[in-house]
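Here's target-v8.txt, which has compact mmCIF, C-alpha atoms:
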# COMPACT_ATOMS: atom_id res chain seq x y z
CA MET V 1 -52.41 4.20 110.89
CA THR V 2 -48.76 4.40 109.83
CA ALA V 3 -48.37 0.69 110.44
CA VAL V 4 -51.03 0.03 107.81
CA THR V 5 -49.45 2.23 105.15
CA ASP V 6 -46.01 0.70 105.84
CA ARG V 7 -47.35 -2.69 104.97
CA ASP V 8 -46.83 -4.05 101.45
CA PRO V 9 -50.25 -3.92 99.76
CA GLY V 10 -49.36 -7.15 97.95
CA LEU V 11 -48.95 -8.91 101.34
CA GLN V 12 -45.72 -10.53 100.19
CA PRO V 13 -44.43 -11.42 103.68
CA GLU V 14 -47.78 -13.04 104.55
CA ARG V 15 -47.82 -15.00 101.32
CA THR V 16 -44.31 -16.21 101.96
CA ARG V 17 -45.25 -17.22 105.49
CA LEU V 18 -48.20 -19.21 104.16
CA ALA V 19 -45.92 -20.85 101.59
CA TRP V 20 -43.72 -21.99 104.48
CA ARG V 21 -46.81 -23.36 106.26
CA ARG V 22 -47.88 -25.31 103.17
CA THR V 23 -44.41 -26.72 102.79
CA THR V 24 -44.27 -27.73 106.47
CA LEU V 25 -47.61 -29.51 106.11
CA THR V 26 -46.33 -31.40 103.06
CA ALA V 27 -43.20 -32.38 104.98
CA THR V 28 -45.41 -33.63 107.82
CA VAL V 29 -47.39 -35.87 105.47
CA VAL V 30 -44.18 -37.30 104.01
CA ALA V 31 -42.71 -37.85 107.49
CA LEU V 32 -45.90 -39.68 108.56
CA LEU V 33 -45.66 -41.89 105.45
CA ALA V 34 -42.03 -42.56 106.37
CA GLY V 35 -43.06 -43.60 109.90
CA ARG V 36 -45.78 -45.85 108.50
CA GLN V 37 -43.26 -47.42 106.12
CA ALA V 38 -40.74 -48.05 108.91
CA LEU V 39 -43.30 -49.69 111.20
CA HIS V 40 -44.77 -51.78 108.37
CA SER V 41 -42.87 -54.92 109.36
CA GLY V 42 -43.35 -54.57 113.12
CA ALA V 43 -41.51 -52.55 115.76
CA THR V 44 -38.06 -54.03 115.21
CA PRO V 45 -34.96 -52.06 116.35
CA ALA V 46 -34.20 -51.14 112.72
CA ALA V 47 -37.76 -49.86 112.30
CA LEU V 48 -37.48 -47.72 115.40
CA VAL V 49 -34.21 -46.24 114.15
CA GLY V 50 -35.97 -45.47 110.86
CA VAL V 51 -38.82 -43.74 112.68
CA ALA V 52 -36.36 -41.74 114.82
CA LEU V 53 -34.32 -40.60 111.80
CA SER V 54 -37.46 -39.58 109.88
CA ALA V 55 -38.69 -37.66 112.92
CA LEU V 56 -35.29 -35.96 113.12
CA ALA V 57 -35.45 -34.87 109.47
CA TRP V 58 -39.00 -33.59 110.04
CA LEU V 59 -37.94 -31.67 113.16
CA GLY V 60 -35.03 -30.15 111.25
CA PHE V 61 -37.41 -28.91 108.57
CA LEU V 62 -39.77 -27.59 111.24
CA LEU V 63 -36.93 -25.68 112.89
CA VAL V 64 -35.84 -24.02 109.63
CA ALA V 65 -39.46 -23.11 108.86
CA HIS V 66 -40.13 -21.80 112.35
CA ARG V 67 -37.06 -19.56 112.37
CA ARG V 68 -37.92 -18.15 108.96
CA VAL V 69 -41.61 -17.62 109.77
CA SER V 70 -40.80 -15.77 113.00
CA VAL V 71 -38.58 -13.35 111.02
CA LEU V 72 -41.27 -12.83 108.38
CA GLY V 73 -43.63 -11.11 110.82
CA VAL V 74 -42.31 -7.61 110.06
CA ALA V 75 -43.24 -5.39 107.10
CA ARG V 76 -39.80 -5.60 105.42
CA PRO V 77 -38.23 -8.94 106.27
CA VAL V 78 -34.52 -9.66 105.81
CA PRO V 79 -33.64 -11.88 102.82
CA PHE V 80 -33.69 -15.65 103.12
CA ALA V 81 -30.31 -17.19 104.00
CA PRO V 82 -28.74 -19.72 101.60
CA ARG V 83 -27.78 -21.88 104.58
CA ALA V 84 -31.45 -22.20 105.57
CA ALA V 85 -32.34 -23.08 101.97
CA LEU V 86 -29.69 -25.78 101.96
CA ALA V 87 -30.85 -27.10 105.35
CA ALA V 88 -34.46 -27.36 104.17
CA ALA V 89 -33.38 -29.15 100.99
CA LEU V 90 -31.13 -31.54 102.93
CA CYS V 91 -33.98 -32.51 105.28
CA THR V 92 -36.04 -33.29 102.18
CA VAL V 93 -33.21 -35.36 100.70
CA ALA V 94 -32.79 -37.19 104.02
CA LEU V 95 -36.43 -38.33 103.90
CA ALA V 96 -35.88 -39.64 100.36
CA VAL V 97 -32.71 -41.48 101.41
CA PHE V 98 -34.52 -43.16 104.32
CA ALA V 99 -37.31 -44.13 101.94
CA ALA V 100 -34.79 -45.73 99.58
CA ALA V 101 -33.07 -47.51 102.47
CA MET V 102 -36.39 -48.85 103.74
CA LEU V 103 -37.16 -50.42 100.33
CA PHE V 104 -34.52 -53.06 100.98
CA MET W 1 -17.75 -27.78 85.57
CA ASN W 2 -16.15 -24.67 87.02
CA LYS W 3 -19.56 -22.99 87.02
CA ILE W 4 -21.09 -25.85 89.01
CA ALA W 5 -18.25 -25.74 91.55
CA ARG W 6 -18.74 -22.00 91.97
CA SER W 7 -22.48 -22.46 92.51
CA VAL W 8 -21.93 -25.18 95.10
CA ARG W 9 -19.44 -22.96 96.91
CA LEU W 10 -22.12 -20.26 97.07
CA TRP W 11 -24.54 -22.67 98.79
CA PHE W 12 -22.17 -22.90 101.73
CA ALA W 13 -20.86 -19.33 101.76
CA PRO W 14 -23.94 -17.11 101.98
CA GLN W 15 -21.99 -13.94 102.65
CA ARG W 16 -20.49 -14.20 99.16
CA ILE W 17 -23.88 -13.54 97.59
CA ARG W 18 -24.24 -10.35 99.61
CA GLU W 19 -20.85 -9.13 98.40
CA GLU W 20 -22.09 -8.95 94.83
CA GLY W 21 -24.25 -6.23 93.31
CA ASP W 22 -27.07 -4.41 95.10
CA THR W 23 -29.73 -5.78 97.39
CA PRO W 24 -32.89 -6.16 95.26
CA ASP W 25 -36.34 -5.02 96.36
CA TYR W 26 -37.30 -7.31 99.24
CA ARG W 27 -40.46 -8.31 97.38
CA PHE W 28 -38.42 -9.91 94.60
CA SER W 29 -36.41 -11.85 97.17
CA LEU W 30 -39.62 -13.05 98.79
CA ALA W 31 -41.01 -14.12 95.43
CA ASN W 32 -37.80 -16.06 94.78
CA GLU W 33 -38.15 -17.68 98.22
CA ARG W 34 -41.73 -18.74 97.44
CA THR W 35 -40.60 -20.27 94.16
CA PHE W 36 -37.95 -22.19 96.10
CA LEU W 37 -40.60 -23.43 98.52
CA ALA W 38 -42.85 -24.48 95.65
CA TRP W 39 -39.98 -26.59 94.25
CA ILE W 40 -39.36 -28.09 97.70
CA ARG W 41 -43.04 -29.01 97.89
CA THR W 42 -42.75 -30.64 94.47
CA ALA W 43 -39.76 -32.61 95.75
CA LEU W 44 -41.67 -33.65 98.89
CA ALA W 45 -44.65 -34.71 96.76
CA LEU W 46 -42.40 -36.88 94.58
CA ILE W 47 -40.83 -38.45 97.68
CA GLY W 48 -44.31 -39.01 99.16
CA GLY W 49 -45.25 -40.64 95.86
CA GLY W 50 -42.26 -42.96 96.23
CA PHE W 51 -43.47 -43.99 99.70
CA ALA W 52 -47.01 -44.40 98.41
CA VAL W 53 -45.97 -46.71 95.55
CA ASP W 54 -44.16 -48.94 98.01
CA GLN W 55 -46.92 -48.94 100.63
CA PHE W 56 -50.14 -48.95 98.64
CA LEU W 57 -49.28 -51.28 95.75
CA PRO W 58 -48.22 -54.37 97.74
CA GLU W 59 -49.50 -56.79 95.07
CA LEU W 60 -46.82 -55.68 92.60
CA VAL W 61 -43.68 -57.68 91.93
CA TRP W 62 -40.92 -56.37 94.21
CA GLY W 63 -38.64 -55.33 91.34
CA VAL W 64 -41.25 -53.21 89.58
CA ARG W 65 -42.40 -51.63 92.83
CA ALA W 66 -38.85 -50.81 93.94
CA GLY W 67 -37.99 -49.48 90.48
CA LEU W 68 -40.95 -47.12 90.36
CA ALA W 69 -40.37 -46.00 93.95
CA LEU W 70 -36.65 -45.41 93.39
CA GLY W 71 -37.40 -43.42 90.22
CA LEU W 72 -39.77 -41.14 92.11
CA LEU W 73 -37.37 -40.78 95.05
CA ALA W 74 -34.44 -39.93 92.77
CA ALA W 75 -36.58 -37.31 91.01
CA GLY W 76 -37.47 -35.86 94.43
CA VAL W 77 -33.82 -35.63 95.51
CA LEU W 78 -32.82 -33.99 92.22
CA CYS W 79 -35.70 -31.56 92.54
CA ALA W 80 -34.72 -30.53 96.09
CA LEU W 81 -31.03 -29.98 95.26
CA ARG W 82 -31.90 -28.15 92.10
CA ALA W 83 -34.29 -25.92 94.07
CA VAL W 84 -31.36 -24.62 96.16
CA ASN W 85 -29.18 -24.13 93.09
CA HIS W 86 -31.87 -22.28 91.16
CA TRP W 87 -32.66 -20.08 94.16
CA VAL W 88 -28.99 -19.10 94.54
CA ARG W 89 -28.65 -18.38 90.82
CA CYS W 90 -31.81 -16.25 90.74
CA GLU W 91 -30.72 -14.34 93.83
CA ARG W 92 -27.32 -13.63 92.29
CA ALA W 93 -28.82 -12.60 88.95
CA MET W 94 -31.18 -10.17 90.71
CA ARG W 95 -28.31 -8.64 92.68
CA ARG W 96 -26.24 -8.15 89.53
CA GLY W 97 -29.21 -6.87 87.55
CA GLU W 98 -28.83 -9.68 85.00
CA ASP W 99 -31.55 -11.74 83.32
CA LEU W 100 -32.90 -14.58 85.44
CA PRO W 101 -31.35 -17.96 84.59
CA VAL W 102 -33.24 -20.14 82.13
CA SER W 103 -33.47 -23.87 82.68
CA ARG W 104 -34.62 -27.01 80.94
CA PHE W 105 -35.21 -28.73 84.28
CA PRO W 106 -39.02 -28.12 84.36
CA ALA W 107 -39.36 -29.75 80.93
CA LEU W 108 -37.19 -32.72 81.98
CA LEU W 109 -39.10 -33.19 85.23
CA GLY W 110 -42.39 -33.02 83.32
CA LEU W 111 -41.18 -35.76 80.97
CA VAL W 112 -39.99 -37.97 83.86
CA VAL W 113 -43.30 -37.59 85.71
CA ALA W 114 -45.21 -38.40 82.50
CA VAL W 115 -43.11 -41.53 81.91
CA VAL W 116 -43.57 -42.70 85.52
CA ALA W 117 -47.32 -42.05 85.29
CA VAL W 118 -47.63 -44.09 82.07
CA ALA W 119 -45.50 -46.86 83.56
CA MET W 120 -47.70 -46.89 86.64
CA VAL W 121 -50.89 -47.16 84.55
CA VAL W 122 -49.42 -50.02 82.51
CA VAL W 123 -48.18 -51.81 85.62
CA VAL W 124 -51.46 -51.44 87.51
CA LEU W 125 -53.51 -52.59 84.50
CA PHE W 126 -51.35 -55.54 83.44
CA GLY W 127 -49.00 -56.21 86.33
CA TRP W 128 -51.34 -57.96 88.74
CA GLU W 129 -50.67 -61.47 87.30
CA GLY W 130 -46.95 -61.14 88.02
CA VAL W 131 -47.44 -61.74 91.77

Entire entry expressed as structure tokens:
Amino acid sequence: MTAVTDRDPGLQPERTRLAWRRTTLTATVVALLAGRQALHSGATPAALVGVALSALAWLGFLLVAHRRVSVLGVARPVPFAPRAALAAALCTVALAVFAAAMLF
Amino acid sequence: MNKIARSVRLWFAPQRIREEGDTPDYRFSLANERTFLAWIRTALALIGGGFAVDQFLPELVWGVRAGLALGLLAAGVLCALRAVNHWVRCERAMRRGEDLPVSRFPALLGLVVAVVAVAMVVVVLFGWEGV
């Protein structure tokens, strides 16, 4: 039963893991919208590049989330790394930049 | 300006944060991380809104549509970058035992979203003839 008493009664690691899941789901929706936007005017080479870049940004986000979530499984996880924070934010920014590029 | 440069340097040099002060209770760090994620979700929602304006309001004049979409996208980018900055500043403040940083960003973002929402209502109600 020691494992149970070691656990934070506030379930902070679990809540953080779920927050990562929510964020990944949101990123997925945005990436799907990006793909839809790119393919709007047919499957031209430019559209396919747009889809590929959006998928890349989404995969980058997924990778950051996956690495963090797998570390969060223990009772006292290590702190979040600034580099991962920056990577997640940059993937988000990349999706916005593609969206702006696809407007024109 | 110097303060901004120092913050940006911290984004890229994570070990510098660990050099300062004491490691806070891991629960505080996790709470800070969740706040960061909530801001990233807000940014993603704004960016999704930008996509949605462009895709689901095709009857609008191109200029108005692009303007609204670009406004939302710019807000999303700002929100994402600011999320990293705020997270770093909170982490540093906790390590040094200082007060958490205050910010007028939430108020500004609230105003921008309100303005975009009003603009969207006006455009959808009166903008259809401008095809």

* **Test item: residues at most 9 Å from Leu95 of chain V, all atoms listed in the file, excluding those fewer than 2 positions along its chain, as a list in words** => Val30, Ala31, Ala34, Leu53, Ser54, Ala57, Trp58, Leu90, Cys91, Thr92, Val93, Val97, Phe98, Ala99 and Ala100 of chain V; Leu44 and Ile47 of chain W

* Could you list, as JSON, numbers by chain, every residue of chain W that has an atom within 7 Å of an atom of chain V, counting all atoms listed in the file? -> {"W": [11, 12, 14, 26, 27, 29, 30, 33, 34, 37, 40, 41, 44, 47, 48, 51, 55, 66, 70, 73, 77, 80, 81, 84]}

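A straight line drawn from atom CA of Glu98 of chain W to atom CA of Ala13 of chain W is 20.9 Å long.
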
* **Given only C-alpha atoms as the counted atoms, nearest of W:Ala93, W:Val8, W:Leu60, W:Ala38 to Asp22 of chain W** =>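 Looking only at the distances to Asp22 of chain W, the closest residue turns out to be W:Ala93.
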
* Could you tell me, as a list in words, which residues have any atom at most 12 Å from (-45.4, -50.6, 84.8), counting all atoms listed in the file? ->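 It turns out the residues near that spot are Val53, Leu57, Leu60, Val61, Trp62, Gly63, Val64, Arg65, Ala66, Gly67, Leu68, Ala69, Val115, Val116, Ala117, Val118, Ala119, Met120, Val121, Val122, Val123, Val124, Leu125, Phe126, Gly127, Trp128 and Gly130 of chain W.
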
* Leaving out segment 2-5 of chain W and any residue of its chain fewer than 4 positions from it, which residues lie within 10 Å of it when counting all atoms listed in the file, given as a ChimeraX atom specification? -> /W:9-10,85

* To do: Record the distance separating atom CA of Ala75 of chain W and atom CA of Leu46 of chain W, expressed in Å with one decimal.
  => 6.8 Å

* **Between atom CA of Val74 of chain V and atom CA of Phe28 of chain W, distance in Å (one decimal)** => 16.1 Å

So that all listed atoms of segment 86-90 of chain V fit with 4 Å spare on each side, what axis-aligned box centre and edge lengths in Å, to one decimal, would you give as lines of an AutoDock Vina configuration file?
center_x = -32.1
center_y = -28.7
center_z = 103.2
size_x = 12.8
size_y = 13.8
size_z = 12.4

* Nearest residue to Thr35 of chain W from the set W:Phe105, W:Val112, W:Arg95, W:His86 (distances using all atoms listed in the file) ->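 Among the listed residues, W:His86 lies closest to Thr35 of chain W.
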
Completion step: segment 46-62 of chain W with N, CA and C atoms as an mmCIF file, keeping the file's coordinate frame:
data_model
loop_
_atom_site.group_PDB
_atom_site.id
_atom_site.type_symbol
_atom_site.label_atom_id
_atom_site.label_comp_id
_atom_site.auth_asym_id
_atom_site.auth_seq_id
_atom_site.Cartn_x
_atom_site.Cartn_y
_atom_site.Cartn_z
ATOM 1 N N LEU W 46 -42.990 -35.747 95.293
ATOM 2 C CA LEU W 46 -42.400 -36.880 94.580
ATOM 3 C C LEU W 46 -41.935 -37.943 95.560
ATOM 4 N N ILE W 47 -41.313 -37.500 96.669
ATOM 5 C CA ILE W 47 -40.830 -38.450 97.680
ATOM 6 C C ILE W 47 -42.023 -39.164 98.318
ATOM 7 N N GLY W 48 -43.090 -38.399 98.626
ATOM 8 C CA GLY W 48 -44.310 -39.010 99.160
ATOM 9 C C GLY W 48 -44.875 -40.029 98.181
ATOM 10 N N GLY W 49 -44.794 -39.700 96.869
ATOM 11 C CA GLY W 49 -45.250 -40.640 95.860
ATOM 12 C C GLY W 49 -44.436 -41.927 95.889
ATOM 13 N N GLY W 50 -43.119 -41.785 96.123
ATOM 14 C CA GLY W 50 -42.260 -42.960 96.230
ATOM 15 C C GLY W 50 -42.692 -43.851 97.385
ATOM 16 N N PHE W 51 -42.961 -43.238 98.550
ATOM 17 C CA PHE W 51 -43.470 -43.990 99.700
ATOM 18 C C PHE W 51 -44.793 -44.663 99.369
ATOM 19 N N ALA W 52 -45.672 -43.896 98.703
ATOM 20 C CA ALA W 52 -47.010 -44.400 98.410
ATOM 21 C C ALA W 52 -46.955 -45.614 97.497
ATOM 22 N N VAL W 53 -46.089 -45.569 96.457
ATOM 23 C CA VAL W 53 -45.970 -46.710 95.550
ATOM 24 C C VAL W 53 -45.587 -47.950 96.342
ATOM 25 N N ASP W 54 -44.642 -47.783 97.262
ATOM 26 C CA ASP W 54 -44.160 -48.940 98.010
ATOM 27 C C ASP W 54 -45.220 -49.448 98.989
ATOM 28 N N GLN W 55 -46.004 -48.532 99.570
ATOM 29 C CA GLN W 55 -46.920 -48.940 100.630
ATOM 30 C C GLN W 55 -48.296 -49.362 100.129
ATOM 31 N N PHE W 56 -48.756 -48.731 99.030
ATOM 32 C CA PHE W 56 -50.140 -48.950 98.640
ATOM 33 C C PHE W 56 -50.299 -49.833 97.408
ATOM 34 N N LEU W 57 -49.182 -50.326 96.859
ATOM 35 C CA LEU W 57 -49.280 -51.280 95.750
ATOM 36 C C LEU W 57 -48.563 -52.574 96.141
ATOM 37 N N PRO W 58 -48.962 -53.210 97.256
ATOM 38 C CA PRO W 58 -48.220 -54.370 97.740
ATOM 39 C C PRO W 58 -48.319 -55.590 96.834
ATOM 40 N N GLU W 59 -49.330 -55.607 95.923
ATOM 41 C CA GLU W 59 -49.500 -56.790 95.070
ATOM 42 C C GLU W 59 -48.484 -56.840 93.940
ATOM 43 N N LEU W 60 -47.767 -55.717 93.714
ATOM 44 C CA LEU W 60 -46.820 -55.680 92.600
ATOM 45 C C LEU W 60 -45.599 -56.547 92.885
ATOM 46 N N VAL W 61 -44.960 -56.993 91.781
ATOM 47 C CA VAL W 61 -43.680 -57.680 91.930
ATOM 48 C C VAL W 61 -42.704 -56.721 92.594
ATOM 49 N N TRP W 62 -41.804 -57.254 93.452
ATOM 50 C CA TRP W 62 -40.920 -56.370 94.210
ATOM 51 C C TRP W 62 -40.070 -55.491 93.309
#
